[in-house]
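Shown next: input_33.cif, given as mmCIF, C-alpha atoms.
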```cif
data_input
loop_
_atom_site.label_atom_id
_atom_site.label_comp_id
_atom_site.auth_asym_id
_atom_site.auth_seq_id
_atom_site.Cartn_x
_atom_site.Cartn_y
_atom_site.Cartn_z
CA MET A 19 -1.62 19.23 -20.87
CA LEU A 20 -1.94 17.56 -24.29
CA ARG A 21 1.83 17.06 -24.44
CA PHE A 22 1.70 15.48 -20.97
CA PHE A 23 -1.04 13.03 -21.94
CA ILE A 24 0.60 12.00 -25.21
CA LEU A 25 3.96 11.48 -23.51
CA PHE A 26 2.27 9.65 -20.63
CA LEU A 27 0.48 7.23 -22.97
CA VAL A 28 3.59 6.63 -25.11
CA VAL A 29 5.89 5.98 -22.11
CA GLN A 30 3.28 3.80 -20.41
CA ALA A 31 2.56 1.68 -23.51
CA THR A 32 6.30 1.31 -24.19
CA LEU A 33 7.15 0.26 -20.64
CA PHE A 34 4.15 -2.08 -20.52
CA GLY A 35 5.16 -3.64 -23.85
CA LEU A 36 8.71 -4.08 -22.55
CA GLU A 37 7.42 -5.63 -19.34
CA LEU A 38 5.64 -8.34 -21.30
CA THR A 39 8.77 -9.44 -23.20
CA PRO A 40 10.35 -12.73 -22.05
CA PRO A 41 13.71 -11.10 -21.04
CA ALA A 42 11.94 -8.51 -18.85
CA GLN A 43 9.78 -11.22 -17.31
CA HIS A 44 12.80 -13.45 -16.69
CA TRP A 45 15.24 -10.83 -15.39
CA PHE A 46 12.95 -8.38 -13.66
CA VAL A 47 9.27 -9.28 -13.15
CA GLU A 48 9.73 -12.85 -11.90
CA PRO A 49 12.62 -12.08 -9.49
CA TRP A 50 10.68 -9.07 -8.17
CA THR A 51 7.51 -11.15 -7.69
CA TYR A 52 9.50 -13.83 -5.84
CA ALA A 53 11.11 -11.13 -3.69
CA LEU A 54 7.68 -9.66 -2.96
CA ALA A 55 6.49 -13.05 -1.65
CA GLN A 56 9.63 -13.30 0.50
CA ILE A 57 9.29 -9.75 1.88
CA SER A 58 5.57 -10.20 2.63
CA THR A 59 6.23 -13.51 4.35
CA ALA A 60 9.13 -12.04 6.37
CA ILE A 61 6.82 -9.27 7.64
CA VAL A 62 4.01 -11.70 8.43
CA THR A 63 6.27 -14.04 10.42
CA PHE A 64 6.69 -11.27 13.03
CA PHE A 65 3.18 -12.12 14.23
CA ASP A 66 2.39 -15.41 12.45
CA PRO A 67 5.19 -18.00 12.27
CA ASN A 68 3.01 -20.46 10.31
CA VAL A 69 3.65 -18.88 6.92
CA VAL A 70 6.19 -19.86 4.27
CA ALA A 71 7.11 -18.47 0.86
CA ILE A 72 7.69 -20.90 -1.98
CA GLY A 73 8.61 -19.02 -5.14
CA LYS A 74 5.84 -16.48 -5.69
CA VAL A 75 3.43 -18.36 -3.39
CA MET A 76 2.65 -17.44 0.23
CA ARG A 77 1.34 -20.45 2.09
CA SER A 78 -0.08 -21.04 5.54
CA THR A 79 1.40 -24.18 7.13
CA ARG A 80 -1.55 -24.22 9.57
CA ASN A 81 -4.45 -24.62 7.12
CA GLY A 82 -2.77 -24.96 3.70
CA PHE A 83 -4.29 -21.76 2.29
CA ALA A 84 -1.99 -20.15 -0.28
CA VAL A 85 -1.93 -17.09 -2.51
CA SER A 86 0.12 -16.89 -5.68
CA ILE A 87 1.30 -13.41 -6.65
CA GLU A 88 0.48 -13.03 -10.33
CA ALA A 89 0.70 -10.25 -12.92
CA GLY A 90 -1.34 -7.29 -11.76
CA CYS A 91 -0.72 -8.14 -8.10
CA ASN A 92 3.03 -7.51 -8.04
CA GLY A 93 2.66 -3.73 -8.34
CA VAL A 94 4.73 -3.62 -11.53
CA GLU A 95 1.92 -2.17 -13.65
CA ALA A 96 1.10 0.46 -11.01
CA THR A 97 4.80 1.38 -10.88
CA ILE A 98 4.86 1.68 -14.68
CA VAL A 99 1.91 4.10 -14.55
CA LEU A 100 3.67 6.18 -11.87
CA ILE A 101 6.94 6.25 -13.85
CA ALA A 102 5.07 7.32 -17.00
CA ALA A 103 3.17 10.06 -15.12
CA MET A 104 6.34 11.48 -13.54
CA LEU A 105 8.47 11.26 -16.68
CA ALA A 106 5.75 12.87 -18.81
CA PHE A 107 5.13 15.79 -16.44
CA PRO A 108 7.32 18.85 -17.05
CA ALA A 109 9.71 18.98 -14.08
CA PRO A 110 13.46 19.15 -13.39
CA TRP A 111 15.18 15.77 -13.65
CA LYS A 112 16.32 15.94 -10.03
CA ASN A 113 12.68 16.21 -8.90
CA LYS A 114 11.69 13.38 -11.22
CA LEU A 115 14.37 11.04 -9.84
CA VAL A 116 13.59 11.85 -6.19
CA GLY A 117 9.85 11.52 -6.91
CA LEU A 118 10.34 8.18 -8.63
CA ALA A 119 12.43 6.76 -5.80
CA ALA A 120 9.97 7.84 -3.10
CA GLY A 121 6.92 7.02 -5.23
CA ILE A 122 8.04 3.49 -6.07
CA VAL A 123 8.64 2.81 -2.36
CA ALA A 124 5.15 4.18 -1.53
CA VAL A 125 3.41 2.11 -4.24
CA GLN A 126 5.29 -1.09 -3.45
CA GLY A 127 4.81 -0.52 0.29
CA LEU A 128 1.04 -0.39 -0.15
CA ASN A 129 1.23 -3.39 -2.46
CA ILE A 130 2.90 -5.43 0.29
CA LEU A 131 -0.03 -4.45 2.52
CA ARG A 132 -2.38 -5.64 -0.25
CA VAL A 133 -0.66 -9.04 -0.52
CA ILE A 134 -0.68 -9.56 3.25
CA SER A 135 -4.28 -8.42 3.66
CA LEU A 136 -5.44 -10.69 0.82
CA PHE A 137 -3.58 -13.62 2.37
CA TYR A 138 -5.61 -13.25 5.56
CA LEU A 139 -8.88 -12.23 3.89
CA GLY A 140 -8.73 -15.43 1.85
CA GLN A 141 -8.46 -17.52 5.01
CA TRP A 142 -11.36 -15.66 6.58
CA ASP A 143 -13.93 -15.42 3.75
CA TYR A 144 -13.31 -16.32 0.11
CA LYS A 145 -16.08 -14.05 -1.23
CA VAL A 146 -14.60 -11.03 0.55
CA PHE A 147 -11.18 -12.07 -0.74
CA GLU A 148 -12.49 -12.15 -4.33
CA TRP A 149 -14.04 -8.70 -3.99
CA ALA A 150 -10.97 -7.19 -2.39
CA HIS A 151 -8.64 -8.90 -4.85
CA LEU A 152 -10.49 -8.21 -8.10
CA TYR A 153 -11.95 -4.76 -7.48
CA VAL A 154 -11.20 -2.88 -4.25
CA TRP A 155 -7.42 -3.28 -3.96
CA GLN A 156 -6.95 -2.64 -7.68
CA ALA A 157 -8.71 0.70 -7.28
CA LEU A 158 -6.83 1.53 -4.05
CA ILE A 159 -3.43 0.88 -5.64
CA MET A 160 -4.24 3.19 -8.55
CA LEU A 161 -5.55 5.74 -6.06
CA ASP A 162 -2.18 5.45 -4.30
CA VAL A 163 -0.41 6.16 -7.60
CA LEU A 164 -2.61 9.19 -8.18
CA VAL A 165 -2.06 10.51 -4.64
CA VAL A 166 1.72 10.01 -4.86
CA TRP A 167 1.70 11.88 -8.17
CA LEU A 168 -0.41 14.71 -6.69
CA ILE A 169 1.93 15.02 -3.69
CA TRP A 170 4.93 15.04 -6.00
CA VAL A 171 3.37 17.69 -8.27
CA ARG A 172 2.84 19.90 -5.19
CA THR A 173 6.54 19.69 -4.32
CA LEU A 174 7.68 20.93 -7.75
CA PRO A 175 9.19 24.40 -8.14
CA GLY A 176 6.41 26.95 -8.58
CA ALA A 177 3.91 25.07 -6.44
CA ARG A 178 2.71 26.95 -3.37
CA ASP A 179 3.37 25.45 0.07
CA ASP A 180 0.11 25.53 2.05
CA ARG A 181 2.02 24.88 5.26
CA ALA A 182 3.93 28.15 4.97
CA PRO A 183 2.57 30.99 7.10
CA PRO A 184 0.55 33.53 5.13
CA SER A 185 2.46 36.58 3.99
CA PRO A 186 1.58 39.83 5.75
CA PRO A 187 -0.70 42.13 3.80
CA ALA A 188 1.18 44.46 1.48
CA VAL A 189 0.40 47.73 3.19
CA ALA A 190 2.77 50.63 2.60
CA THR A 191 3.84 52.22 5.85
CA ALA A 192 5.90 55.29 6.24
CA SER A 193 8.29 55.57 9.12
CA ALA A 194 8.96 58.87 10.65
CA MET W 4 11.71 16.99 17.98
CA SER W 5 8.72 18.55 16.27
CA ARG W 6 5.17 17.44 16.68
CA SER W 7 2.53 17.86 14.00
CA SER W 8 -0.85 18.93 15.25
CA PRO W 9 -3.93 16.93 14.26
CA THR W 10 -5.40 20.09 12.77
CA GLY W 11 -2.37 20.29 10.46
CA ILE W 12 -3.61 17.22 8.59
CA ALA W 13 -7.16 18.56 8.52
CA ARG W 14 -5.92 21.88 7.11
CA SER W 15 -4.01 20.30 4.21
CA PRO W 16 -6.33 20.36 1.20
CA LEU W 17 -4.71 17.23 -0.26
CA ALA W 18 -5.08 15.24 2.98
CA ARG W 19 -8.69 16.38 3.28
CA PHE W 20 -9.29 15.36 -0.32
CA ILE W 21 -7.76 11.87 0.20
CA VAL W 22 -9.85 11.27 3.33
CA THR W 23 -13.00 12.34 1.46
CA VAL W 24 -12.18 10.02 -1.47
CA LEU W 25 -11.73 7.09 0.94
CA ALA W 26 -15.04 7.96 2.60
CA TRP W 27 -16.83 7.99 -0.77
CA LEU W 28 -15.29 4.71 -2.04
CA PRO W 29 -17.54 2.26 -0.11
CA VAL W 30 -20.60 4.22 -1.25
CA THR W 31 -19.57 4.40 -4.89
CA PHE W 32 -18.56 0.71 -4.94
CA ALA W 33 -21.96 -0.27 -3.52
CA VAL W 34 -23.83 1.87 -6.07
CA TRP W 35 -21.64 0.56 -8.90
CA TYR W 36 -22.38 -3.05 -7.91
CA VAL W 37 -26.13 -2.36 -7.87
CA VAL W 38 -26.25 -0.50 -11.20
CA ALA W 39 -23.64 -2.73 -12.91
CA PRO W 40 -26.27 -4.65 -14.94
CA VAL W 41 -27.41 -1.34 -16.46
CA LEU W 42 -23.83 -0.31 -17.28
CA ILE W 43 -23.08 -3.74 -18.73
CA PHE W 44 -26.26 -3.50 -20.82
CA VAL W 45 -24.67 -0.52 -22.62
CA VAL W 46 -21.32 -2.34 -22.77
CA LYS W 47 -23.11 -5.28 -24.41
CA PHE W 48 -24.21 -3.09 -27.35
CA LEU W 49 -20.72 -1.62 -27.68
CA CYS W 50 -19.35 -5.20 -27.74
CA MET W 51 -21.85 -6.18 -30.43
CA LEU W 52 -20.61 -3.26 -32.53
CA ALA W 53 -16.99 -4.18 -31.85
CA VAL W 54 -17.37 -7.79 -33.02
CA LEU W 55 -19.17 -6.82 -36.25
CA PRO W 56 -15.89 -6.69 -38.24
CA LEU W 57 -15.23 -10.30 -37.18
CA GLY W 58 -17.97 -11.52 -39.54
CA ASP W 59 -19.99 -14.46 -38.28
CA LEU W 60 -17.55 -15.41 -35.50
CA VAL W 61 -20.05 -14.23 -32.86
CA SER W 62 -23.66 -15.16 -33.40
CA GLU W 63 -25.05 -13.57 -30.25
CA VAL W 64 -24.09 -11.66 -27.12
CA GLU W 65 -26.28 -12.44 -24.12
CA GLN W 66 -26.32 -10.64 -20.78
CA ASN W 67 -26.64 -12.37 -17.46
CA GLY W 68 -26.45 -9.76 -14.71
CA ALA W 69 -23.00 -8.21 -15.00
CA SER W 70 -21.68 -11.01 -17.23
CA LEU W 71 -21.74 -11.19 -21.00
CA LEU W 72 -21.95 -14.49 -22.85
CA PHE W 73 -20.45 -14.51 -26.34
CA VAL W 74 -22.08 -17.29 -28.35
CA THR W 75 -19.78 -18.13 -31.26
CA THR W 76 -20.11 -20.20 -34.41
CA LEU W 77 -16.93 -22.08 -33.47
CA ARG W 78 -17.02 -25.79 -32.77
CA GLY W 79 -14.50 -27.64 -30.70
CA GLY W 80 -13.80 -30.60 -28.45
CA GLN W 81 -16.85 -32.24 -26.95
CA ALA W 82 -19.04 -29.38 -28.20
CA ALA W 83 -18.31 -30.38 -31.80
CA GLN W 84 -19.32 -33.99 -31.19
CA ALA W 85 -22.52 -32.88 -29.52
CA GLY W 86 -23.24 -30.46 -32.35
CA GLY W 87 -22.80 -27.53 -29.95
CA VAL W 88 -20.88 -24.30 -30.33
CA VAL W 89 -18.27 -22.60 -28.17
CA SER W 90 -19.51 -19.80 -25.94
CA VAL W 91 -17.41 -17.57 -23.70
CA SER W 92 -18.60 -15.82 -20.57
CA VAL W 93 -16.85 -12.58 -19.52
CA ASN W 94 -17.34 -10.85 -16.17
CA GLY W 95 -18.06 -7.21 -16.98
CA LEU W 96 -17.22 -6.09 -13.42
CA LEU W 97 -13.56 -6.88 -14.09
CA TYR W 98 -13.44 -4.11 -16.68
CA SER W 99 -15.60 -1.48 -15.02
CA PHE W 100 -14.36 -1.36 -11.41
CA GLY W 101 -12.54 1.90 -12.14
CA MET W 102 -15.89 3.67 -12.41
CA PRO W 103 -16.48 3.81 -8.62
CA MET W 104 -12.95 5.17 -8.27
CA PHE W 105 -13.73 7.91 -10.80
CA ALA W 106 -16.99 8.63 -8.98
CA ALA W 107 -15.28 8.87 -5.56
CA LEU W 108 -12.60 11.20 -6.94
CA THR W 109 -15.18 13.39 -8.68
CA LEU W 110 -17.49 13.64 -5.67
CA ALA W 111 -14.58 14.32 -3.30
CA ALA W 112 -13.26 17.15 -5.48
CA ARG W 113 -16.64 18.95 -5.11
CA GLU W 114 -16.24 20.93 -8.31
CA PRO W 115 -19.21 22.85 -9.74
CA GLY W 116 -21.27 20.62 -12.05
CA ARG W 117 -19.80 17.48 -10.54
CA TRP W 118 -22.92 15.39 -11.23
CA VAL W 119 -22.74 16.23 -14.93
CA ILE W 120 -19.00 15.42 -14.93
CA LEU W 121 -19.78 12.16 -13.15
CA VAL W 122 -22.36 11.05 -15.73
CA LEU W 123 -20.26 12.15 -18.70
CA GLY W 124 -17.18 10.48 -17.23
CA ILE W 125 -18.97 7.17 -16.71
CA VAL W 126 -20.34 7.33 -20.27
CA ALA W 127 -16.82 8.04 -21.55
CA LEU W 128 -15.46 5.01 -19.64
CA LEU W 129 -17.99 2.55 -21.09
CA PRO W 130 -16.15 2.04 -24.43
CA PHE W 131 -12.96 1.20 -22.50
CA ALA W 132 -14.86 -1.39 -20.47
CA ALA W 133 -16.17 -2.81 -23.77
CA PHE W 134 -12.60 -2.93 -25.09
CA GLY W 135 -11.53 -5.05 -22.11
CA VAL W 136 -14.52 -7.38 -22.43
CA VAL W 137 -13.97 -7.95 -26.16
CA ALA W 138 -10.20 -8.45 -25.67
CA ASP W 139 -10.99 -11.03 -22.96
CA PHE W 140 -13.39 -12.86 -25.30
CA LEU W 141 -10.87 -12.81 -28.17
CA LYS W 142 -8.07 -14.06 -25.91
CA ASN W 143 -10.30 -16.98 -24.94
CA VAL W 144 -11.16 -18.08 -28.47
CA ALA W 145 -7.84 -17.24 -30.15
CA ILE W 146 -5.38 -18.37 -27.46
CA THR W 147 -6.59 -20.19 -24.35
CA SER W 148 -9.27 -22.42 -25.92
CA GLY W 149 -6.63 -24.53 -27.64
CA PRO W 150 -5.57 -25.10 -31.25
CA LEU W 151 -8.78 -26.86 -32.34
CA VAL W 152 -10.91 -23.76 -31.66
CA ALA W 153 -8.19 -21.17 -32.35
CA SER W 154 -7.58 -22.56 -35.84
CA GLN W 155 -11.22 -21.87 -36.79
CA THR W 156 -10.94 -18.18 -35.92
CA GLY W 157 -8.52 -17.56 -38.79
CA PHE W 158 -6.34 -15.20 -36.77
CA SER W 159 -2.69 -15.02 -37.86
CA ALA W 160 0.19 -15.35 -35.38
CA ALA W 161 0.67 -11.57 -35.42
CA GLN W 162 -3.03 -11.00 -34.75
CA ARG W 163 -2.89 -13.43 -31.82
CA GLU W 164 0.07 -11.49 -30.41
CA LEU W 165 -1.95 -8.29 -30.76
CA ILE W 166 -4.93 -9.92 -29.02
CA ALA W 167 -2.65 -11.07 -26.18
CA PHE W 168 -1.29 -7.52 -25.76
CA ALA W 169 -4.80 -6.01 -25.95
CA TYR W 170 -6.00 -8.47 -23.30
CA GLN W 171 -3.09 -7.71 -20.95
CA PHE W 172 -3.44 -3.96 -21.49
CA GLY W 173 -7.23 -4.14 -21.16
CA THR W 174 -6.97 -6.14 -17.94
CA LEU W 175 -3.93 -4.75 -16.13
CA ILE W 176 -3.77 -1.10 -17.18
CA MET W 177 -7.01 0.21 -18.68
CA PRO W 178 -9.58 -0.47 -15.91
CA THR W 179 -7.70 1.72 -13.43
CA VAL W 180 -5.74 4.13 -15.63
CA THR W 181 -8.61 5.35 -17.82
CA PRO W 182 -10.70 6.56 -14.83
CA ALA W 183 -7.62 8.35 -13.45
CA ILE W 184 -7.00 10.02 -16.83
CA ALA W 185 -10.69 10.93 -17.15
CA TRP W 186 -10.58 12.50 -13.70
CA VAL W 187 -7.38 14.47 -14.39
CA VAL W 188 -8.81 15.76 -17.70
CA THR W 189 -12.07 16.88 -16.08
CA HIS W 190 -10.44 18.41 -12.99
CA ARG W 191 -7.64 20.56 -14.36
CA GLY W 192 -8.76 23.60 -12.36
CA PHE W 193 -8.93 21.54 -9.17
CA LEU W 194 -5.43 20.16 -9.82
CA GLU W 195 -4.04 23.66 -10.36
CA ARG W 196 -5.55 24.78 -7.07
CA MET W 197 -4.11 21.66 -5.40
CA ARG W 198 -0.73 22.58 -6.76
CA GLY W 199 -1.21 26.13 -5.54
CA LEU W 200 -0.93 27.68 -8.98
CA THR W 201 -4.29 29.40 -8.67
CA ALA W 202 -6.10 30.84 -5.67
CA PRO W 203 -8.38 28.48 -3.74
CA ARG W 204 -12.12 28.83 -4.38
#
```

For this file, write the structure as structure tokens.
Amino acid sequence: MLRFFILFLVVQATLFGLELTPPAQHWFVEPWTYALAQISTAIVTFFDPNVVAIGKVMRSTRNGFAVSIEAGCNGVEATIVLIAAMLAFPAPWKNKLVGLAAGIVAVQGLNILRVISLFYLGQWDYKVFEWAHLYVWQALIMLDVLVVWLIWVRTLPGARDDRAPPSPPAVATASA
Amino acid sequence: MSRSSPTGIARSPLARFIVTVLAWLPVTFAVWYVVAPVLIFVVKFLCMLAVLPLGDLVSEVEQNGASLLFVTTLRGGQAAQAGGVVSVSVNGLLYSFGMPMFAALTLAAREPGRWVILVLGIVALLPFAAFGVVADFLKNVAITSGPLVASQTGFSAAQRELIAFAYQFGTLIMPTVTPAIAWVVTHRGFLERMRGLTAPR
């Protein structure tokens, strides 16, 4: 457990430090944040055509309300935490790679829901938007990371599958 | 085509745990919001200890609900002309919102002695909240307040870089990761049962 925590903290701090460097911001974080605004807007336009994405901003053409996706809201930090938790945990590399692929999709999927929900909460009530933005969604995203990690840990070799039928009792029977 | 029964979800201990955590979250968030001034009162003293090595940079730390006001000895801009000093207000809620998450996880796990774990966990998280608050204050005076104020702090370029990193880490990572770590550390037996490595209680 100690090895896991040390590795987790080292990987997390390293990835976070890398994320803050100008090249990582320029080549990865900014394009991803722009893409996130585009994806969120594309989903929203299925039921609300009055929304446009300009860079990392989602804007309503009906009332002018806009949200800008900033650091902490693009899911990059949550993804870094998930990567660190999976890399630090003792598991075969194949499981780590599959877990990372599925986990990143799960975390970013919920993050898209966060962006869209905040976009509409802000138009409805700014106080509720502030609460959801600053506190509730932050906690929910980290909860998502924790749940994804727990699910992944349960799929690792050695973990028991609760869905499997119980084994019959080990009673010795003699056949005549 | 297979169909999953509704009882299948109810039977999964992980699914049951997640549903229970989500049910606890509104309660723990409400309690956290109500008791936040008490928590921030403790954070205030930790902040006062943390700024001691900075000499006379901070003359006072005042509490206003869940916010902390750092009154400095720095002068700048219009404040200097008026004979005033720079003060920085930091919202303590921004650095303690992981506590209701820790509480919901702890209460949902239903481990023996969970109330003791809950109190000890919250106490253990307070210094991390103080770290975020102090890093926020330092970022304000050393970076965002402009060169006139920043030059009075005496921080070197390397120290300002460190403050920027501490602020980012204290804002984006710490408030949510430290409660998760605290919960994992205090629920190792629960996690092993979740993983199926030990028999359920």

I'd like a table as JSON lines: residues in chain A with an atom no more than 10 Å from chain W, each row giving the shortest atom pair and its distance in Å to one decimal, only C-alpha atoms counted, sorted by chain and rising residue number.
```
{"residue": "A:Met19", "atom": "CA", "partner": "W:Val188", "partner_atom": "CA", "distance": 8.6}
{"residue": "A:Leu20", "atom": "CA", "partner": "W:Val188", "partner_atom": "CA", "distance": 9.7}
{"residue": "A:Phe23", "atom": "CA", "partner": "W:Ile184", "partner_atom": "CA", "distance": 8.4}
{"residue": "A:Gln30", "atom": "CA", "partner": "W:Ile176", "partner_atom": "CA", "distance": 9.2}
{"residue": "A:Ala31", "atom": "CA", "partner": "W:Phe172", "partner_atom": "CA", "distance": 8.5}
{"residue": "A:Phe34", "atom": "CA", "partner": "W:Phe172", "partner_atom": "CA", "distance": 7.9}
{"residue": "A:Gly35", "atom": "CA", "partner": "W:Phe168", "partner_atom": "CA", "distance": 7.8}
{"residue": "A:Leu38", "atom": "CA", "partner": "W:Phe168", "partner_atom": "CA", "distance": 8.3}
{"residue": "A:Ala89", "atom": "CA", "partner": "W:Leu175", "partner_atom": "CA", "distance": 7.9}
{"residue": "A:Gly90", "atom": "CA", "partner": "W:Leu175", "partner_atom": "CA", "distance": 5.7}
{"residue": "A:Cys91", "atom": "CA", "partner": "W:Leu175", "partner_atom": "CA", "distance": 9.3}
{"residue": "A:Val94", "atom": "CA", "partner": "W:Leu175", "partner_atom": "CA", "distance": 9.9}
{"residue": "A:Glu95", "atom": "CA", "partner": "W:Ile176", "partner_atom": "CA", "distance": 6.8}
{"residue": "A:Ala96", "atom": "CA", "partner": "W:Ile176", "partner_atom": "CA", "distance": 8.0}
{"residue": "A:Ile98", "atom": "CA", "partner": "W:Ile176", "partner_atom": "CA", "distance": 9.4}
{"residue": "A:Val99", "atom": "CA", "partner": "W:Val180", "partner_atom": "CA", "distance": 7.7}
{"residue": "A:Leu152", "atom": "CA", "partner": "W:Leu97", "partner_atom": "CA", "distance": 6.9}
{"residue": "A:Tyr153", "atom": "CA", "partner": "W:Phe100", "partner_atom": "CA", "distance": 5.7}
{"residue": "A:Val154", "atom": "CA", "partner": "W:Phe100", "partner_atom": "CA", "distance": 8.0}
{"residue": "A:Gln156", "atom": "CA", "partner": "W:Thr179", "partner_atom": "CA", "distance": 7.3}
{"residue": "A:Ala157", "atom": "CA", "partner": "W:Met104", "partner_atom": "CA", "distance": 6.2}
{"residue": "A:Leu158", "atom": "CA", "partner": "W:Met104", "partner_atom": "CA", "distance": 8.3}
{"residue": "A:Ile159", "atom": "CA", "partner": "W:Thr179", "partner_atom": "CA", "distance": 8.9}
{"residue": "A:Met160", "atom": "CA", "partner": "W:Thr179", "partner_atom": "CA", "distance": 6.2}
{"residue": "A:Leu161", "atom": "CA", "partner": "W:Met104", "partner_atom": "CA", "distance": 7.7}
{"residue": "A:Asp162", "atom": "CA", "partner": "W:Ile21", "partner_atom": "CA", "distance": 9.6}
{"residue": "A:Val163", "atom": "CA", "partner": "W:Ala183", "partner_atom": "CA", "distance": 9.5}
{"residue": "A:Leu164", "atom": "CA", "partner": "W:Ala183", "partner_atom": "CA", "distance": 7.3}
{"residue": "A:Val165", "atom": "CA", "partner": "W:Ile21", "partner_atom": "CA", "distance": 7.6}
{"residue": "A:Leu168", "atom": "CA", "partner": "W:Arg198", "partner_atom": "CA", "distance": 7.9}
{"residue": "A:Ile169", "atom": "CA", "partner": "W:Leu17", "partner_atom": "CA", "distance": 7.8}
{"residue": "A:Trp170", "atom": "CA", "partner": "W:Arg198", "partner_atom": "CA", "distance": 9.5}
{"residue": "A:Val171", "atom": "CA", "partner": "W:Arg198", "partner_atom": "CA", "distance": 6.6}
{"residue": "A:Arg172", "atom": "CA", "partner": "W:Arg198", "partner_atom": "CA", "distance": 4.7}
{"residue": "A:Thr173", "atom": "CA", "partner": "W:Arg198", "partner_atom": "CA", "distance": 8.2}
{"residue": "A:Leu174", "atom": "CA", "partner": "W:Arg198", "partner_atom": "CA", "distance": 8.6}
{"residue": "A:Gly176", "atom": "CA", "partner": "W:Leu200", "partner_atom": "CA", "distance": 7.4}
{"residue": "A:Ala177", "atom": "CA", "partner": "W:Arg198", "partner_atom": "CA", "distance": 5.3}
{"residue": "A:Arg178", "atom": "CA", "partner": "W:Gly199", "partner_atom": "CA", "distance": 4.6}
{"residue": "A:Asp179", "atom": "CA", "partner": "W:Gly199", "partner_atom": "CA", "distance": 7.3}
{"residue": "A:Asp180", "atom": "CA", "partner": "W:Ser15", "partner_atom": "CA", "distance": 7.0}
{"residue": "A:Arg181", "atom": "CA", "partner": "W:Ser15", "partner_atom": "CA", "distance": 7.6}
```

Self-check item: Exercise: Val38 of chain W partners within 12 Å, only C-alpha atoms, chain neighbours under 2 positions left out, as a VMD selection string
Solution: chain W and resid 31 to 36 40 to 45 68 to 69 96 99 to 100 102 to 103 125

Place a sphere of radius 7 Å on (1.6, -14.3, -3.2) in the file coordinates and name every protein, DNA or RNA residue with an atom inside or on its surface, counting all atoms listed in the file; give the answer as a CSV table (one decimal) with C-alpha atoms, in the frame of the given file.
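point24.csv, written as the output of this step:
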```csv
chain,number,residue,atom,x,y,z
A,55,ALA,CA,6.5,-13.0,-1.6
A,74,LYS,CA,5.8,-16.5,-5.7
A,75,VAL,CA,3.4,-18.4,-3.4
A,76,MET,CA,2.6,-17.4,0.2
A,85,VAL,CA,-1.9,-17.1,-2.5
A,86,SER,CA,0.1,-16.9,-5.7
A,87,ILE,CA,1.3,-13.4,-6.6
A,133,VAL,CA,-0.7,-9.0,-0.5
```

Quiz item: With all atoms listed in the file as the basis for distance, which of W:Val144, W:Val37, W:Ala26, W:Leu123 is at the shortest distance from Thr156 of chain W?
Solution: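 Selected residue with least distance to Thr156 of chain W: W:Val144.
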
Pull out every residue that the PyMOL selection byres ((chain A and resi 61) around 12) matches in the shown coordinates and put them as a PDB file with C-alpha atoms, in the coordinates of the input.
```pdb
ATOM      1  CA  LEU A  54       7.680  -9.660  -2.960  1.00  0.00           C
ATOM      2  CA  ALA A  55       6.490 -13.050  -1.650  1.00  0.00           C
ATOM      3  CA  GLN A  56       9.630 -13.300   0.500  1.00  0.00           C
ATOM      4  CA  ILE A  57       9.290  -9.750   1.880  1.00  0.00           C
ATOM      5  CA  SER A  58       5.570 -10.200   2.630  1.00  0.00           C
ATOM      6  CA  THR A  59       6.230 -13.510   4.350  1.00  0.00           C
ATOM      7  CA  ALA A  60       9.130 -12.040   6.370  1.00  0.00           C
ATOM      8  CA  VAL A  62       4.010 -11.700   8.430  1.00  0.00           C
ATOM      9  CA  THR A  63       6.270 -14.040  10.420  1.00  0.00           C
ATOM     10  CA  PHE A  64       6.690 -11.270  13.030  1.00  0.00           C
ATOM     11  CA  PHE A  65       3.180 -12.120  14.230  1.00  0.00           C
ATOM     12  CA  ASP A  66       2.390 -15.410  12.450  1.00  0.00           C
ATOM     13  CA  PRO A  67       5.190 -18.000  12.270  1.00  0.00           C
ATOM     14  CA  VAL A  69       3.650 -18.880   6.920  1.00  0.00           C
ATOM     15  CA  VAL A  70       6.190 -19.860   4.270  1.00  0.00           C
ATOM     16  CA  ALA A  71       7.110 -18.470   0.860  1.00  0.00           C
ATOM     17  CA  MET A  76       2.650 -17.440   0.230  1.00  0.00           C
ATOM     18  CA  GLY A 127       4.810  -0.520   0.290  1.00  0.00           C
ATOM     19  CA  ILE A 130       2.900  -5.430   0.290  1.00  0.00           C
ATOM     20  CA  LEU A 131      -0.030  -4.450   2.520  1.00  0.00           C
ATOM     21  CA  VAL A 133      -0.660  -9.040  -0.520  1.00  0.00           C
ATOM     22  CA  ILE A 134      -0.680  -9.560   3.250  1.00  0.00           C
ATOM     23  CA  SER A 135      -4.280  -8.420   3.660  1.00  0.00           C
TER      24      SER A 135
END
```

Practice problem: May I ask which of the residues W:Thr147, W:Ser159, W:Ser154, W:Thr109 is the closest one to Trp186 of chain W, counting all atoms listed in the file? | Solution: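 Closest residue, counting all atoms listed in the file: W:Thr109.
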
Quiz item: Excluding same-chain residues fewer than 3 positions from Lys142 of chain W, what lies within 9 Å of it counting all atoms listed in the file, as JSON, numbers by chain?
Solution: {"W": [137, 138, 139, 145, 146, 147, 148, 163, 166, 167, 169, 170]}

Quiz item: Which distance in Å separates atom CA of Gly95 of chain W and atom CA of Met177 of chain W, to one decimal?
Solution: 13.4 Å

Quiz item: Suppose you want the space between atom CA of Leu55 of chain W and atom CA of Ala161 of chain W; what is it in Å?
Solution: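 Result for atom CA of Leu55 of chain W versus atom CA of Ala161 of chain W: 20.4 Å, one decimal.
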
Quiz item: Expanded to explicit residues, what is the PyMOL selection byres ((chain W and resi 91) around 6) for this file, as a ChimeraX atom specification?
Solution: /W:72-73,90,92
